[in-house]
Every structure is written in structure tokens, then in C-alpha cells.
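Q: Have a look at this one before I ask anything.
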Amino acid sequence: MFRKFVYSFVCVLLFMTAGAVDVNAAPPKVTGTLFIEKPFKKEGLRFQATVTEIDNPKYDSPVYHVNTIVTNISRKPITYTTGHCYGVTTRLEAYASGDSWELPYPEDEPACTPDIKEKTLKPGRTVEQDEYFRTDELPGDLTPDHFQLNSSVNILVGPEDKERKEEIVKMQTKFLPGLALNPDEIEIQSESSELPKSYYEINATGKVSNKEIKRVTLQVFNTLLTLRIDSKSGEFSTKKKVKAKGPSLQAGVLEVTYKDGTKHIYNIPIKNTSN
């Protein structure tokens with residue numbers, strides 16, 4: 001059995017702890033985290049996925065941990081099928097120069113026999129699962145242009161007393177190695193300077209290139225900064241004083257909201273210009 005990593009998502013900030021692989025190896029190290037949320041109002045489902053890149057010495061290459069939560073946001077029960085080992089089918093692929101590679105599970109992943117079943121998800125209830133994907137089987141000289149996460153649920157639609165139609169509800173998300181911000185979507189430079197009485201002045205500037213982005217916020221400690229985007233140029237510039245909550249300023253939480261309701265949440269570094 002592979003090790004399971006336990007995390008909590010509190011006040012939007014993400015913290016991860018990880019156990020050691022074995023007594024002779026260094027512990028895995030989290031190098032990046034991305035949180036994705038996408039509502040499918042017509043189908044009555046909300047997908048949430050946390051992707052964590054783990055520098056795992058056991059494989060001498062990153063391992064991606066994907067935690068997926070699917071919630072029934074409708075007022076009626078939803079019937080879904082499990083034609084896979086899990087209720088949610090998850091695939092993670094690497095893309096480079098027009099080619100793609102599907103990432104495998106760890107070798108010690110327990111084998112499971114696909115068993116097609118119908119299950120009911122009541123309003124407000126969730127399906128949650130954790131999966132791990134290796135990158136060690138990618139070509140040695142390959143640097144992926146990007147990765148794509150595909151998460152899907154097969155639901156049955158139509159009256160229960162008739163033959164119902166199967167419909168696939170799918171969320172697709174692209175992300176860069178290291179779970180870095182995609183400069184084709186948004187660029188941001190965040191700086192801070194220390195002020196008296198445990199305050200910091202935060203200066204965030206950048207540009208939004210994707211016209212589908214509706215709103216961008218940056219949370220620093222307990223303060224939420226709304227980055228006001230110029231409708232023509234896509235540029236933004238925000239300066240604000242925030243109260244420190246803790247010994248040091250380590251990172252901010254950037255939340256990018258799209259017009260269709262999708263949200264991407266990143267932990268981003270903030271440069272301290274006082275040093």
C-alpha cells in the first residue's frame with residue numbers, strides 16, 4: 001500500500017504533511033498545489049480537485065496526488081454508475097510537442113476489478129477519492145509543455161420507470177509543471193514591505209490575458225485584496241496595507257474565477273523587498 005498523505009484546506013490556505021517512504025529515504029516534499037472548482041448547474045454536480053506535486057525520492061521524479069470531491073448540488077438524488085474502480089474516473093496526461101502520455105498509478109497500487117454498479121448520490125452528499133500518478137515513465141529528456149487532468153462521472157438521466165440515458169459529466173483542467181501560474185492566463189508580481197506595528201504593505205501588479213477570467217483576488221493573512229482588472233488592457237495594480245497574522249509573510253492565495261463559475265486557487269510567493 002502506498003503512503004497516504006493527509007491534508008486540510010483551511011481558510012483557503014493549503015497545508016500538506018507527508019510521511020516517509022521508507023526508513024532510508026528522505027521524506028517526500030510538496031512543491032506545489034492547485035485547487036480547482038467547477039460547477040455543472042444543469043447536471044447538478046460540482047467538481048472540486050486538489051492537485052499536489054510531490055517530490056518523491058522513491059521514483060526520482062514528481063508524483064501527483066489528486067484529491068477529487070464531487071457534490072450533488074441539486075435538489076434531487078442523482079444516479080451514477082461505477083464502471084471503473086472508483087465513482088469518479090480520473091486521468092492525468094502529460095503533453096509535449098503534440099504528443100501525450102497517460103500517467104500511471106504507483107506500482108504498489110492494489111489491483112481492483114471493475115465492477116459496474118448503480119449508486120445514488122443524495123442532495124448535498126459527496127463522492128471523494130484520492131489517487132496518485134507517477135511521472136517516472138515519461139521519456140527521460142522530456143519536459144512537458146503542460147498536464148491535463150480529466151475527471152468524469154457517468155450519470156443516468158430520465159424517468160426511473162423508463163430506460164435512462166447515460167451522460168458523462170467531465171471536468172478538464174490544464175496546468176503547468178510545478179503547478180505554476182500559466183502566463184497565457186495571468187501574470188502577477190507580488191511584493192511586500194514591512195511597516196511598523198506588524199503591518200505589511202502589499203503591492204500586486206500584473207496582467208490577465210484570458211478574457212474568460214471574471215475576477216481575481218489575492219488573500220494575504222486574513223485580508224482579501226480584489227485585483228481590479230482594466231477591461232481594455234487586462235492590467236491591474238493594487239496596493240494595500242495588511243495586518244500580519246504570524247511570525248512571517250510566506251505566501252499569498254491567488255483565486256482566479258472564470259465566467260462559467262470555474263475557480264483556480266494557487267499558493268504564490270510574495271517577495272519581501274524590506275530585506
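Residue names in the C-alpha cells use chain letters A, B, ... in the order shown, residue numbers from 1 in each chain, and ligand numbers from 1 in the order shown.
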Considering only C-alpha atoms, give me a table of residues in region 99-146 of chain A that are at most 10 Å from region 163-177 of chain A, with the closest atom pair and distance in Å for each, as a Markdown table.

A:
| residue | atom | partner | partner_atom | distance |
| --- | --- | --- | --- | --- |
| A:Thr143 | CA | A:Pro177 | CA | 8.4 |
| A:Pro144 | CA | A:Pro177 | CA | 7.1 |
| A:Asp145 | CA | A:Leu176 | CA | 6.9 |
| A:His146 | CA | A:Leu176 | CA | 4.6 |

Q: Once DSSP has gone over the backbone, tell me which residues of region 162-262 of chain A are in strand (DSSP E or B), as number ranges by chain.

A: A: 165-175, 186-195, 199-208, 213-220, 223-226, 235-243, 251-258

Q: Quote the spacing between CA of Tyr258 (chain A) and CA of Ser192 (chain A) in Å to one decimal place.

A: 27.0 Å

Q: Just checking: using only C-alpha atoms, which residue out of A:Leu138, A:Val242, A:Leu179, A:Ala251 ends up closest to Ile36 (chain A)?

A: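 Counting only C-alpha atoms, the residue closest to Ile36 (chain A) is A:Leu179.
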
Q: Using only C-alpha atoms, pick whichever of A:Val220, A:Ile116, A:Leu149, A:Thr81 has the shortest atom-to-atom distance to Pro269 (chain A).

A: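 Among the listed residues, A:Val220 lies closest to Pro269 (chain A).
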
Q: Using only C-alpha atoms, which residues sit within 9 Å of Arg228 (chain A) once same-chain residues fewer than 2 positions away are excluded, as a ChimeraX atom specification?

A: /A:215-217,226,230,235-238

Q: Between CA of Ser97 (chain A) and CA of Glu187 (chain A), what is the spacing in Å?

A: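 Computed distance, CA of Glu187 (chain A) to CA of Ser97 (chain A), equals 23.5 Å.
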
Q: Hey, which of A:Lys197, A:Ile268, A:Thr68, A:Gln189 ends up closest to Glu255 (chain A)? Count only C-alpha atoms.

A: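 Of A:Lys197, A:Ile268, A:Thr68, A:Gln189, the one nearest Glu255 (chain A) is A:Ile268, counting only C-alpha atoms.
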
Q: Quick one: of A:Gly32, A:Pro139, A:Gly234, A:Gly87, who's nearest to Ile213 (chain A), counting only C-alpha atoms?

A: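 Going through A:Gly32, A:Pro139, A:Gly234, A:Gly87 one by one, the smallest distance to Ile213 (chain A) is for A:Gly234.
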
Q: In Å, how far is it from CA of Val153 (chain A) to CA of Thr82 (chain A)?

A: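 For CA of Val153 (chain A) relative to CA of Thr82 (chain A), the distance reads 8.3 Å.
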
Q: Can you pull out the residues contacting Glu191 (chain A)? Cut-off 8 Å, using only C-alpha atoms, and skip same-chain residues under 2 positions away; I want them as a list in words.

A: Gln189, Ser193, Ile202, Asn203, Ala204, Ile270, Lys271, Asn272 and Thr273 of chain A
